[in-house]
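Data file: work-v8.tsv. Format and content: TSV, C-alpha atoms and all ligand atoms.
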chain	number	residue	atom	x	y	z
A	1	MET	CA	2.68	-7.22	-18.70
A	2	VAL	CA	2.96	-7.67	-22.46
A	3	GLY	CA	3.21	-11.33	-23.56
A	4	TYR	CA	2.16	-14.31	-21.50
A	5	ALA	CA	3.98	-17.44	-22.70
A	6	PHE	CA	6.85	-19.12	-20.81
A	7	MET	CA	8.49	-15.88	-19.61
A	8	GLY	CA	5.12	-14.23	-18.96
A	9	ALA	CA	4.12	-17.13	-16.73
A	10	ALA	CA	7.45	-16.98	-14.88
A	11	HIS	CA	7.25	-13.21	-14.39
A	12	SER	CA	3.61	-13.43	-13.25
A	13	GLN	CA	4.66	-15.84	-10.55
A	14	GLY	CA	7.40	-13.39	-9.52
A	15	TRP	CA	4.95	-10.49	-9.29
A	16	ARG	CA	2.38	-12.55	-7.38
A	17	THR	CA	4.88	-13.82	-4.83
A	18	ALA	CA	7.40	-11.01	-4.21
A	19	GLY	CA	5.19	-8.93	-1.90
A	20	ARG	CA	4.08	-11.99	0.06
A	21	VAL	CA	7.59	-13.25	0.84
A	22	PHE	CA	9.55	-10.02	1.15
A	23	ASP	CA	8.63	-7.03	3.24
A	24	LEU	CA	8.47	-4.37	0.53
A	25	PRO	CA	7.58	-0.68	0.54
A	26	LEU	CA	5.49	-1.25	-2.60
A	27	ARG	CA	3.06	-4.07	-3.35
A	28	PRO	CA	2.60	-5.06	-6.99
A	29	ARG	CA	-0.95	-5.21	-8.30
A	30	LEU	CA	-1.36	-7.25	-11.47
A	31	ALA	CA	-3.45	-4.71	-13.38
A	32	ALA	CA	-3.53	-5.96	-16.97
A	33	VAL	CA	-1.87	-8.29	-19.44
A	34	ALA	CA	-1.71	-7.72	-23.21
A	35	GLY	CA	-1.54	-10.12	-26.15
A	36	ARG	CA	-2.91	-10.14	-29.70
A	37	ASP	CA	-5.20	-13.17	-29.42
A	38	GLY	CA	-8.26	-12.08	-27.38
A	39	ALA	CA	-9.36	-15.52	-26.17
A	40	ALA	CA	-5.82	-16.60	-25.33
A	41	VAL	CA	-4.93	-13.41	-23.46
A	42	ARG	CA	-8.16	-13.59	-21.43
A	43	ALA	CA	-7.35	-17.19	-20.51
A	44	ALA	CA	-3.79	-16.16	-19.57
A	45	ALA	CA	-5.11	-13.31	-17.42
A	46	ALA	CA	-7.37	-15.73	-15.54
A	47	GLN	CA	-4.62	-18.33	-15.15
A	48	HIS	CA	-1.85	-15.99	-14.00
A	49	GLY	CA	-3.89	-13.59	-11.88
A	50	TRP	CA	-4.10	-10.42	-14.01
A	51	ALA	CA	-7.17	-8.27	-13.38
A	52	ALA	CA	-7.74	-7.31	-17.04
A	53	ALA	CA	-6.75	-8.31	-20.56
A	54	GLU	CA	-5.88	-6.06	-23.52
A	55	THR	CA	-5.38	-7.06	-27.16
A	56	ASP	CA	-3.15	-4.09	-27.99
A	57	TRP	CA	-0.04	-3.25	-25.95
A	58	ARG	CA	-0.62	0.44	-26.71
A	59	ALA	CA	-3.88	0.30	-24.77
A	60	LEU	CA	-2.02	-1.28	-21.87
A	61	VAL	CA	0.66	1.43	-21.90
A	62	ALA	CA	-2.07	4.10	-21.95
A	63	ARG	CA	-3.85	2.77	-18.84
A	64	ASP	CA	-3.79	5.04	-15.78
A	65	ASP	CA	-3.73	2.06	-13.42
A	66	VAL	CA	-0.46	0.81	-14.95
A	67	GLN	CA	2.72	2.28	-13.50
A	68	LEU	CA	5.16	-0.40	-14.58
A	69	VAL	CA	5.25	-2.27	-17.91
A	70	ASP	CA	6.84	-5.74	-18.00
A	71	ILE	CA	7.85	-6.79	-21.54
A	72	CYS	CA	7.84	-10.56	-22.10
A	73	THR	CA	7.53	-10.61	-25.90
A	74	PRO	CA	10.01	-11.82	-28.56
A	75	GLY	CA	12.93	-9.44	-29.12
A	76	ASP	CA	11.55	-7.80	-32.26
A	77	SER	CA	9.02	-5.78	-30.24
A	78	HIS	CA	11.14	-4.89	-27.18
A	79	ALA	CA	12.42	-1.54	-28.46
A	80	GLU	CA	9.08	-0.16	-29.63
A	81	ILE	CA	7.19	-1.15	-26.48
A	82	ALA	CA	9.95	-0.13	-24.04
A	83	VAL	CA	10.51	3.31	-25.58
A	84	ALA	CA	6.75	4.00	-25.74
A	85	ALA	CA	6.26	2.89	-22.13
A	86	LEU	CA	9.20	4.95	-20.84
A	87	ASP	CA	8.07	8.00	-22.82
A	88	ALA	CA	4.59	7.53	-21.31
A	89	GLY	CA	6.09	7.81	-17.81
A	90	LYS	CA	6.05	4.10	-16.87
A	91	HIS	CA	8.78	2.07	-15.19
A	92	VAL	CA	9.89	-0.83	-17.40
A	93	LEU	CA	11.15	-4.37	-16.98
A	94	CYS	CA	12.26	-5.90	-20.30
A	95	GLU	CA	13.16	-9.54	-20.97
A	96	LYS	CA	16.61	-10.37	-22.32
A	97	PRO	CA	18.31	-9.92	-24.69
A	98	LEU	CA	17.45	-6.24	-24.44
A	99	ALA	CA	16.92	-5.93	-28.20
A	100	ASN	CA	17.65	-7.54	-31.55
A	101	SER	CA	20.34	-5.04	-32.56
A	102	VAL	CA	22.77	-2.56	-31.05
A	103	ALA	CA	20.86	0.34	-32.67
A	104	GLU	CA	17.62	-0.71	-30.95
A	105	ALA	CA	19.40	-1.22	-27.65
A	106	GLU	CA	20.96	2.24	-27.94
A	107	ALA	CA	17.54	3.82	-28.48
A	108	MET	CA	16.22	1.95	-25.43
A	109	ALA	CA	19.17	2.96	-23.25
A	110	SER	CA	18.70	6.62	-24.28
A	111	ALA	CA	14.98	6.46	-23.48
A	112	ALA	CA	15.83	4.92	-20.09
A	113	GLU	CA	18.37	7.67	-19.44
A	114	ARG	CA	15.77	10.37	-20.21
A	115	ALA	CA	13.23	8.57	-18.03
A	116	ARG	CA	15.75	8.24	-15.18
A	117	ALA	CA	15.90	12.03	-15.02
A	118	ARG	CA	12.12	11.96	-14.43
A	119	GLY	CA	12.50	9.40	-11.63
A	120	GLN	CA	11.58	6.29	-13.66
A	121	THR	CA	13.35	2.95	-13.44
A	122	ALA	CA	14.23	0.48	-16.23
A	123	MET	CA	15.66	-3.00	-15.77
A	124	VAL	CA	16.61	-5.93	-18.05
A	125	GLY	CA	15.51	-9.43	-17.06
A	126	PHE	CA	18.84	-11.18	-16.61
A	127	ASN	CA	17.23	-13.29	-13.91
A	128	TYR	CA	20.20	-15.56	-13.19
A	129	ARG	CA	21.91	-12.72	-11.33
A	130	ARG	CA	19.23	-13.46	-8.73
A	131	VAL	CA	20.09	-17.09	-8.06
A	132	PRO	CA	21.27	-16.81	-4.44
A	133	ALA	CA	24.45	-18.81	-5.15
A	134	ILE	CA	25.36	-16.48	-8.03
A	135	ALA	CA	24.59	-13.38	-5.97
A	136	TYR	CA	26.80	-14.86	-3.24
A	137	ALA	CA	29.57	-15.56	-5.78
A	138	ARG	CA	29.43	-11.90	-6.75
A	139	ARG	CA	29.74	-10.93	-3.08
A	140	LEU	CA	32.81	-13.17	-2.60
A	141	ILE	CA	34.49	-11.74	-5.71
A	142	ALA	CA	33.70	-8.16	-4.66
A	143	GLU	CA	35.19	-8.89	-1.22
A	144	GLY	CA	38.43	-9.95	-2.93
A	145	ARG	CA	38.23	-13.63	-1.93
A	146	LEU	CA	39.37	-14.64	-5.43
A	147	GLY	CA	41.91	-11.83	-5.82
A	148	THR	CA	42.72	-10.73	-9.35
A	149	LEU	CA	40.65	-12.75	-11.79
A	150	ARG	CA	42.48	-14.77	-14.43
A	151	HIS	CA	39.88	-17.02	-16.06
A	152	LEU	CA	36.11	-16.99	-16.50
A	153	ARG	CA	34.69	-20.14	-18.05
A	154	LEU	CA	30.98	-20.03	-18.82
A	155	ALA	CA	28.69	-22.40	-20.67
A	156	TYR	CA	24.95	-22.43	-21.17
A	157	LEU	CA	23.86	-25.77	-22.58
A	158	GLN	CA	20.38	-26.91	-23.59
A	159	ASP	CA	19.25	-29.72	-25.92
A	160	TRP	CA	15.81	-28.84	-27.26
A	161	LEU	CA	17.06	-28.47	-30.85
A	162	VAL	CA	18.79	-31.86	-31.09
A	163	ASP	CA	15.62	-33.26	-32.73
A	164	PRO	CA	15.78	-32.17	-36.42
A	165	ASP	CA	11.97	-32.19	-36.49
A	166	PHE	CA	11.58	-29.61	-33.73
A	167	PRO	CA	9.45	-26.95	-35.49
A	168	LEU	CA	10.61	-23.61	-36.86
A	169	THR	CA	9.27	-21.43	-34.03
A	170	TRP	CA	10.00	-17.70	-33.60
A	171	ARG	CA	13.17	-18.43	-31.65
A	172	LEU	CA	14.67	-19.90	-34.86
A	173	ARG	CA	13.93	-16.88	-37.05
A	174	ARG	CA	16.28	-13.92	-37.14
A	175	GLU	CA	13.54	-11.37	-37.85
A	176	HIS	CA	11.88	-12.24	-34.52
A	177	ALA	CA	14.69	-13.42	-32.23
A	178	GLY	CA	17.68	-11.46	-33.57
A	179	SER	CA	19.97	-14.45	-33.13
A	180	GLY	CA	19.73	-18.03	-31.86
A	181	ALA	CA	21.54	-19.66	-28.95
A	182	LEU	CA	23.75	-16.57	-28.92
A	183	GLY	CA	21.04	-14.06	-27.90
A	184	ASP	CA	18.90	-16.55	-26.00
A	185	LEU	CA	21.58	-18.23	-23.88
A	186	GLY	CA	24.83	-16.42	-24.70
A	187	ALA	CA	23.30	-13.13	-23.52
A	188	HIS	CA	22.86	-14.60	-20.02
A	189	ILE	CA	26.46	-15.77	-19.69
A	190	VAL	CA	27.91	-12.56	-21.12
A	191	ASP	CA	25.85	-10.61	-18.58
A	192	LEU	CA	26.99	-12.92	-15.77
A	193	ALA	CA	30.66	-12.65	-16.76
A	194	GLN	CA	30.50	-8.84	-16.81
A	195	HIS	CA	28.42	-8.71	-13.63
A	196	LEU	CA	30.55	-11.13	-11.62
A	197	ALA	CA	33.86	-9.65	-12.74
A	198	GLY	CA	32.52	-6.09	-12.48
A	199	GLU	CA	34.12	-5.16	-15.80
A	200	PRO	CA	33.28	-5.33	-19.50
A	201	VAL	CA	34.30	-7.79	-22.19
A	202	THR	CA	36.53	-5.77	-24.53
A	203	GLY	CA	36.95	-8.14	-27.49
A	204	VAL	CA	35.93	-11.58	-28.76
A	205	SER	CA	36.91	-14.33	-31.16
A	206	ALA	CA	33.96	-16.51	-32.17
A	207	LEU	CA	32.63	-19.48	-34.09
A	208	ALA	CA	28.92	-20.09	-34.70
A	209	GLU	CA	27.04	-22.87	-36.46
A	210	THR	CA	23.56	-23.80	-37.60
A	211	PHE	CA	23.65	-27.60	-37.66
A	212	VAL	CA	20.04	-28.16	-38.77
A	213	ARG	CA	19.35	-25.67	-41.53
A	214	GLU	CA	15.72	-26.51	-42.31
A	215	ARG	CA	12.91	-27.43	-39.92
A	216	PRO	CA	9.18	-28.21	-40.21
A	217	LEU	CA	6.94	-25.16	-40.35
A	218	PRO	CA	5.08	-24.84	-37.00
A	219	ALA	CA	1.45	-25.49	-37.91
A	220	GLY	CA	-0.97	-26.07	-40.73
A	221	ASP	CA	1.64	-26.97	-43.32
A	222	PRO	CA	2.37	-30.68	-42.92
A	223	GLY	CA	5.55	-31.81	-44.64
A	224	ARG	CA	6.79	-28.33	-45.49
A	225	ARG	CA	10.08	-27.13	-44.06
A	226	GLY	CA	11.50	-23.63	-43.73
A	227	ARG	CA	14.99	-22.21	-43.34
A	228	VAL	CA	16.50	-21.67	-39.90
A	229	THR	CA	18.04	-18.19	-39.93
A	230	VAL	CA	19.81	-18.15	-36.56
A	231	ASP	CA	22.70	-20.02	-34.93
A	232	ASP	CA	22.21	-23.32	-33.09
A	233	ALA	CA	25.44	-22.76	-31.19
A	234	ALA	CA	27.98	-20.01	-30.59
A	235	LEU	CA	31.41	-20.49	-29.00
A	236	PHE	CA	33.68	-17.61	-28.22
A	237	THR	CA	36.66	-16.49	-26.24
A	238	GLY	CA	37.06	-12.98	-24.92
A	239	ARG	CA	39.19	-10.57	-22.94
A	240	LEU	CA	37.94	-8.51	-20.02
A	241	ALA	CA	39.13	-4.98	-19.30
A	242	SER	CA	41.54	-6.16	-16.56
A	243	GLY	CA	43.14	-8.69	-18.91
A	244	ALA	CA	41.30	-11.75	-17.58
A	245	LEU	CA	40.51	-14.34	-20.26
A	246	ALA	CA	37.01	-15.74	-20.70
A	247	SER	CA	35.45	-18.56	-22.68
A	248	PHE	CA	31.78	-18.84	-23.52
A	249	GLU	CA	29.70	-21.66	-25.01
A	250	ALA	CA	26.00	-21.26	-25.84
A	251	THR	CA	24.20	-24.15	-27.48
A	252	ARG	CA	20.80	-25.78	-27.80
A	253	MET	CA	22.41	-28.91	-29.22
A	254	ALA	CA	24.03	-30.45	-26.13
A	255	ALA	CA	22.09	-33.74	-25.89
A	256	GLY	CA	21.18	-34.49	-22.30
A	257	ARG	CA	21.85	-30.98	-21.01
A	258	LYS	CA	18.51	-29.37	-20.16
A	259	ASN	CA	19.36	-26.06	-18.57
A	260	ALA	CA	23.03	-26.41	-17.69
A	261	LEU	CA	24.28	-22.91	-17.00
A	262	ARG	CA	27.77	-23.54	-15.67
A	263	LEU	CA	30.53	-21.26	-14.65
A	264	GLU	CA	33.97	-21.46	-13.12
A	265	ILE	CA	36.06	-18.47	-12.19
A	266	ASN	CA	39.74	-18.69	-11.27
A	267	GLY	CA	41.58	-15.89	-9.49
A	268	GLU	CA	44.96	-15.46	-7.83
A	269	ARG	CA	43.54	-16.33	-4.40
A	270	GLY	CA	40.89	-18.90	-5.24
A	271	SER	CA	38.17	-20.25	-7.51
A	272	LEU	CA	34.38	-20.53	-7.68
A	273	ALA	CA	32.20	-22.95	-9.63
A	274	PHE	CA	28.43	-23.13	-10.15
A	275	ASP	CA	26.00	-25.32	-12.10
A	276	MET	CA	22.36	-24.27	-12.55
A	277	GLU	CA	21.31	-27.92	-12.38
A	278	ARG	CA	22.46	-27.80	-8.71
A	279	LEU	CA	21.47	-24.21	-8.08
A	280	ASN	CA	21.53	-24.23	-4.29
A	281	GLU	CA	25.25	-25.02	-4.28
A	282	LEU	CA	28.41	-23.03	-4.88
A	283	SER	CA	31.88	-24.61	-5.01
A	284	PHE	CA	34.67	-22.54	-3.52
A	285	HIS	CA	38.40	-23.17	-3.35
A	286	ASP	CA	40.48	-20.90	-1.13
A	287	HIS	CA	44.00	-21.00	-2.54
A	288	THR	CA	45.46	-19.20	0.48
A	289	GLU	CA	44.83	-22.26	2.66
A	290	PRO	CA	47.56	-24.88	3.16
A	291	PRO	CA	47.75	-27.03	-0.01
A	292	ALA	CA	47.45	-30.30	1.89
A	293	SER	CA	44.03	-29.46	3.29
A	294	SER	CA	42.64	-27.04	0.69
A	295	GLY	CA	40.47	-27.91	-2.29
A	296	PHE	CA	37.01	-27.20	-3.64
A	297	ARG	CA	34.33	-27.39	-1.00
A	298	ARG	CA	30.59	-27.25	-1.46
A	299	ILE	CA	28.74	-24.34	0.14
A	300	LEU	CA	25.03	-24.98	0.53
A	301	VAL	CA	23.65	-21.53	-0.26
A	302	THR	CA	20.56	-21.68	1.94
A	303	GLU	CA	21.66	-19.77	5.05
A	304	PRO	CA	19.79	-16.63	6.16
A	305	ASP	CA	23.04	-14.69	5.63
A	306	HIS	CA	23.08	-15.62	1.95
A	307	PRO	CA	21.48	-13.20	-0.53
A	308	TYR	CA	17.64	-13.29	-0.54
A	309	LEU	CA	17.52	-16.26	1.86
A	310	ASP	CA	16.46	-14.49	5.05
A	311	ALA	CA	12.90	-14.32	3.71
A	312	TRP	CA	12.63	-17.97	2.62
A	313	TRP	CA	12.70	-21.40	4.24
A	314	PRO	CA	14.96	-22.73	7.01
A	315	PRO	CA	18.53	-23.73	5.96
A	316	GLY	CA	18.75	-26.66	3.57
A	317	HIS	CA	15.23	-26.36	2.18
A	318	GLY	CA	16.38	-25.04	-1.19
A	319	LEU	CA	15.02	-22.74	-3.91
A	320	GLY	CA	14.48	-23.22	-7.66
A	321	TYR	CA	14.41	-21.49	-11.05
A	322	GLU	CA	11.12	-19.68	-10.38
A	323	HIS	CA	12.52	-17.88	-7.34
A	324	THR	CA	14.89	-15.88	-9.57
A	325	PHE	CA	11.79	-14.10	-10.90
A	326	VAL	CA	10.50	-13.39	-7.40
A	327	HIS	CA	13.88	-11.86	-6.53
A	328	GLN	CA	13.85	-9.88	-9.76
A	329	ALA	CA	10.44	-8.42	-8.91
A	330	ARG	CA	11.63	-7.65	-5.37
A	331	ASP	CA	14.77	-5.85	-6.52
A	332	LEU	CA	12.91	-3.84	-9.12
A	333	LEU	CA	10.21	-2.78	-6.63
A	334	LEU	CA	12.88	-1.71	-4.13
A	335	ALA	CA	14.58	0.38	-6.83
A	336	VAL	CA	11.28	1.97	-7.86
A	337	ALA	CA	10.33	2.73	-4.25
A	338	GLY	CA	13.75	4.16	-3.41
A	339	GLY	CA	14.12	6.11	-6.62
A	340	ALA	CA	17.41	4.24	-7.11
A	341	PRO	CA	18.72	2.94	-10.44
A	342	ALA	CA	17.94	-0.74	-11.00
A	343	ALA	CA	20.53	-3.29	-12.08
A	344	PRO	CA	20.93	-4.66	-14.67
A	345	SER	CA	20.12	-1.32	-16.30
A	346	PHE	CA	19.33	-0.79	-19.97
A	347	ALA	CA	22.92	0.47	-20.29
A	348	ASP	CA	24.09	-2.94	-19.02
A	349	GLY	CA	21.75	-4.61	-21.54
A	350	LEU	CA	23.21	-2.44	-24.30
A	351	GLN	CA	26.75	-3.48	-23.36
A	352	VAL	CA	25.73	-7.15	-23.60
A	353	GLN	CA	24.20	-6.38	-27.00
A	354	ARG	CA	27.52	-4.91	-28.17
A	355	VAL	CA	29.28	-8.13	-27.18
A	356	LEU	CA	26.69	-10.21	-29.07
A	357	ALA	CA	27.16	-8.04	-32.17
A	358	ALA	CA	30.95	-8.45	-31.97
A	359	VAL	CA	30.49	-12.22	-31.64
A	360	GLU	CA	28.39	-12.30	-34.81
A	361	GLU	CA	30.90	-10.16	-36.66
A	362	SER	CA	33.81	-12.33	-35.53
A	363	ALA	CA	31.98	-15.57	-36.38
A	364	GLU	CA	31.26	-14.31	-39.90
A	365	LYS	CA	35.02	-13.87	-40.35
A	366	ASN	CA	35.78	-17.27	-38.81
A	367	ALA	CA	36.96	-16.17	-35.39
A	368	VAL	CA	38.81	-12.98	-36.27
A	369	TYR	CA	39.38	-11.09	-32.99
A	370	THR	CA	36.79	-8.30	-32.85
A	371	PRO	CA	36.90	-5.44	-30.33
A	372	VAL	CA	33.77	-4.50	-28.38
A	373	PRO	CA	33.18	-0.74	-28.06
A	374	VAL	CA	33.30	0.13	-24.37
A	375	PRO	CA	32.07	3.58	-23.27
A	376	ALA	CA	34.68	5.65	-21.43
A	401	LIG	C1	14.92	-20.96	-23.77
A	401	LIG	O1	16.13	-21.38	-24.29
A	401	LIG	C2	15.03	-20.28	-22.42
A	401	LIG	O2	13.71	-20.11	-21.98
A	401	LIG	C3	15.66	-18.89	-22.46
A	401	LIG	O3	14.98	-18.03	-23.34
A	401	LIG	C4	15.69	-18.31	-21.08
A	401	LIG	O4	16.28	-17.05	-21.07
A	401	LIG	C5	16.44	-19.27	-20.17
A	401	LIG	O5	16.41	-18.78	-18.88
A	401	LIG	C6	15.81	-20.63	-20.20
A	401	LIG	O6	15.73	-21.08	-21.52

Kindly present the structure from the file in structure tokens form.
Amino acid sequence: MVGYAFMGAAHSQGWRTAGRVFDLPLRPRLAAVAGRDGAAVRAAAAQHGWAAAETDWRALVARDDVQLVDICTPGDSHAEIAVAALDAGKHVLCEKPLANSVAEAEAMASAAERARARGQTAMVGFNYRRVPAIAYARRLIAEGRLGTLRHLRLAYLQDWLVDPDFPLTWRLRREHAGSGALGDLGAHIVDLAQHLAGEPVTGVSALAETFVRERPLPAGDPGRRGRVTVDDAALFTGRLASGALASFEATRMAAGRKNALRLEINGERGSLAFDMERLNELSFHDHTEPPASSGFRRILVTEPDHPYLDAWWPPGHGLGYEHTFVHQARDLLLAVAGGAPAAPSFADGLQVQRVLAAVEESAEKNAVYTPVPVPA
């Protein structure tokens, strides 16, 4: 694994747990973790269970005991590490958004394609696909329970930037993060919309804003402020290939909303609604039932027949955010063992990146409708 902060800790937990909960043909061994600060990476290795620590990701990629490289760094290093690891014959898991630009994402998708021909697997870390309730929503849509989709309404709301004195960390600098709430949170809901509907977003109309334009420099420079170079919030509407209409809201400025990833999908035959702050529940309305007795009902997604749940606790005992990373590790290991392509693939990550780029282009022109290139 390269990087060991928030995402590194979450992924480590996924790798440690997957083989103990699920019966898998492959067992992960946490061989080595890389980071630039020697003392910090050694401490992270000890804390998260990695057998060795490296201070250069190139050394990690060169190790014979590493077969899979998990990239948990800021977006500006994803492309270089992923392409090097794939070219060195490793399987790769890369955190989202796949890259900081479409060009980088294209290079990564091409490297993954070449590697696929050699039997390697590459996956992007859109972990929310692995919330059981969301995986179940996908199953219901694929079974036709919603019929033709008309509306997708997605929001991802956080509030950690409401405080104007929150420091100017890497996530607020374009050269490191690529974009702000758009790439960090918007990428998740674009991926979910395309995944759940099973079709791409073909065009967008967007507004974006940076409400707090200067913030305190992170450390060692008391009183000095620097310029925020990414969006605090991005709002956009879009069309899907079938003609369904979608709306998206990604913000880190929604006071009181901590990790509110919400979605509602309306089809001809019914609707689904989900809120990450109640992640064991899915609301479902079956519009084919008699009007007098129909309406949204709450499904507690903890039954053994629900996705991933047969390996966990008895019904009603509930899972959390961290389990999405266990499921991600499980699904990737199954793909590697079976020689099957993993989803979301780097091509899926590239398609999300194209939507993000169109959003930025549209927002610069104050919501001018901007098509998203969709491969034939
Ligand atoms: C920070 O906004 C963040 O950690 C995102 O980067 C993650 O992708 C999201 O899952 C939780 O919030």

Test item: residues at most 6 Å from segment 262-270 of chain A, only C-alpha atoms, excluding those fewer than 3 positions along its chain, as a PyMOL selection string: chain A and resi 146-155+273-275+285-288

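Closest approach to ligand LIG 401 (chain A) from the set A:Trp50, A:Tyr321, A:Trp313, A:Phe248 is made by A:Tyr321, with distances taken over all atoms listed in the file.
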
Arg114 of chain A surroundings by only C-alpha atoms, 12 Å radius, close-in-sequence under 6 positions cut, as a PyMOL selection string: chain A and resi 83+86-89+91+107-108+120-122+346

Residues just named, written with C-alpha atoms as a PDB file, keeping the file's coordinate frame:
ATOM      1  CA  VAL A  83      10.510   3.310 -25.580  1.00  0.00           C
ATOM      2  CA  LEU A  86       9.200   4.950 -20.840  1.00  0.00           C
ATOM      3  CA  ASP A  87       8.070   8.000 -22.820  1.00  0.00           C
ATOM      4  CA  ALA A  88       4.590   7.530 -21.310  1.00  0.00           C
ATOM      5  CA  GLY A  89       6.090   7.810 -17.810  1.00  0.00           C
ATOM      6  CA  HIS A  91       8.780   2.070 -15.190  1.00  0.00           C
ATOM      7  CA  ALA A 107      17.540   3.820 -28.480  1.00  0.00           C
ATOM      8  CA  MET A 108      16.220   1.950 -25.430  1.00  0.00           C
ATOM      9  CA  GLN A 120      11.580   6.290 -13.660  1.00  0.00           C
ATOM     10  CA  THR A 121      13.350   2.950 -13.440  1.00  0.00           C
ATOM     11  CA  ALA A 122      14.230   0.480 -16.230  1.00  0.00           C
ATOM     12  CA  PHE A 346      19.330  -0.790 -19.970  1.00  0.00           C
TER      13      PHE A 346
END

Pick from A:Leu60, A:Ala335, A:Leu93, A:Leu261, whichever lies nearest to ligand LIG 401 (chain A) using all atoms listed in the file: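 Of the candidates, the smallest distance to ligand LIG 401 (chain A) is held by A:Leu261.
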
Computed interatomic separation between atom CA of Ser271 of chain A and atom CA of Asp305 of chain A (Å): 20.8 Å

Could you produce a table of the residues of chain A lying within 9 Å of ligand LIG 401 (chain A), with the nearest pair of atoms per residue and their separation in Å rounded to one decimal, using all atoms listed in the file, ordered by chain and increasing residue number, as CSV?
residue,atom,partner,partner_atom,distance
A:Phe6,CA,A:LIG401,O2,7.0
A:Met7,CA,A:LIG401,O2,7.1
A:Glu95,CA,A:LIG401,O4,8.1
A:Lys96,CA,A:LIG401,O4,6.8
A:Pro97,CA,A:LIG401,O4,8.2
A:Gly125,CA,A:LIG401,O4,8.6
A:Phe126,CA,A:LIG401,O4,7.8
A:Asn127,CA,A:LIG401,O5,7.5
A:Tyr128,CA,A:LIG401,O5,7.6
A:Gln158,CA,A:LIG401,O1,7.0
A:Trp160,CA,A:LIG401,O1,8.0
A:Arg171,CA,A:LIG401,C1,8.5
A:Ala181,CA,A:LIG401,O1,7.3
A:Gly183,CA,A:LIG401,O3,8.6
A:Asp184,CA,A:LIG401,O3,5.0
A:Leu185,CA,A:LIG401,O4,6.1
A:Ala187,CA,A:LIG401,O4,8.4
A:His188,CA,A:LIG401,O4,7.1
A:Arg252,CA,A:LIG401,O1,7.3
A:Lys258,CA,A:LIG401,O6,8.8
A:Asn259,CA,A:LIG401,C6,6.7
A:Tyr321,CA,A:LIG401,O5,8.5

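Across the model, the gap from atom CA of Ile81 of chain A to atom CA of Thr55 of chain A is 13.9 Å.
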
All residues 10 Å or closer to Gly8 of chain A, all atoms listed in the file, same chain fewer than 6 positions away omitted, as a list of chain:residue names: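 Here the answer would be A:Met1, A:Val2, A:Gly14, A:Val33, A:Ala44, A:His48, A:Asp70, A:Ile71, A:Cys72, A:Thr73, A:Glu95.
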
Contacts of Ala46 of chain A within 12 Å, only C-alpha atoms, excl. fewer than 5 positions in-chain, as a list in words: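 That gives Tyr4, Ala9, Ser12, Leu30, Ala31, Ala32, Val33, Ala39, Ala40, Val41, Ala51, Ala52 and Ala53 of chain A.
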
Atom CA of Leu140 of chain A to atom CA of Glu289 of chain A, straight-line distance in Å: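 Answer for the atom CA of Glu289 of chain A to atom CA of Leu140 of chain A separation: 16.0 Å.
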
Which residue of A:Arg297, A:Val190, A:Ala137, A:Gly119 approaches Leu350 of chain A most closely, using all atoms listed in the file: A:Val190

Best match for closeness to Pro167 of chain A among A:Ala363, A:Leu217, A:Leu272, A:Met123, counting all atoms listed in the file: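 When distances to Pro167 of chain A are compared using all atoms listed in the file, the smallest one comes from A:Leu217.
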
Surrounding residues of Asp231 of chain A excluding itself and chain neighbours under 4 positions, 6 Å, all atoms listed in the file, as a PyMOL selection string: chain A and resi 180+209-210

Spatial sel., origin (3.4, 3.9, -16.4), limit 8 Å, only C-alpha atoms, listed as a PyMOL selection string: chain A and resi 61-69+85-86+88-91

Write out, as an mmCIF file, keeping the file's coordinate frame, the residues just selected, with C-alpha atoms.
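After the write, result-v2.cif holds the following:
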data_model
loop_
_atom_site.group_PDB
_atom_site.id
_atom_site.type_symbol
_atom_site.label_atom_id
_atom_site.label_comp_id
_atom_site.auth_asym_id
_atom_site.auth_seq_id
_atom_site.Cartn_x
_atom_site.Cartn_y
_atom_site.Cartn_z
ATOM 1 C CA VAL A 61 0.660 1.430 -21.900
ATOM 2 C CA ALA A 62 -2.070 4.100 -21.950
ATOM 3 C CA ARG A 63 -3.850 2.770 -18.840
ATOM 4 C CA ASP A 64 -3.790 5.040 -15.780
ATOM 5 C CA ASP A 65 -3.730 2.060 -13.420
ATOM 6 C CA VAL A 66 -0.460 0.810 -14.950
ATOM 7 C CA GLN A 67 2.720 2.280 -13.500
ATOM 8 C CA LEU A 68 5.160 -0.400 -14.580
ATOM 9 C CA VAL A 69 5.250 -2.270 -17.910
ATOM 10 C CA ALA A 85 6.260 2.890 -22.130
ATOM 11 C CA LEU A 86 9.200 4.950 -20.840
ATOM 12 C CA ALA A 88 4.590 7.530 -21.310
ATOM 13 C CA GLY A 89 6.090 7.810 -17.810
ATOM 14 C CA LYS A 90 6.050 4.100 -16.870
ATOM 15 C CA HIS A 91 8.780 2.070 -15.190
#

Shortest interatomic distance to Gly320 of chain A - which of A:Pro132, A:Gly178, A:Pro375, A:Pro200, counting only C-alpha atoms: A:Pro132
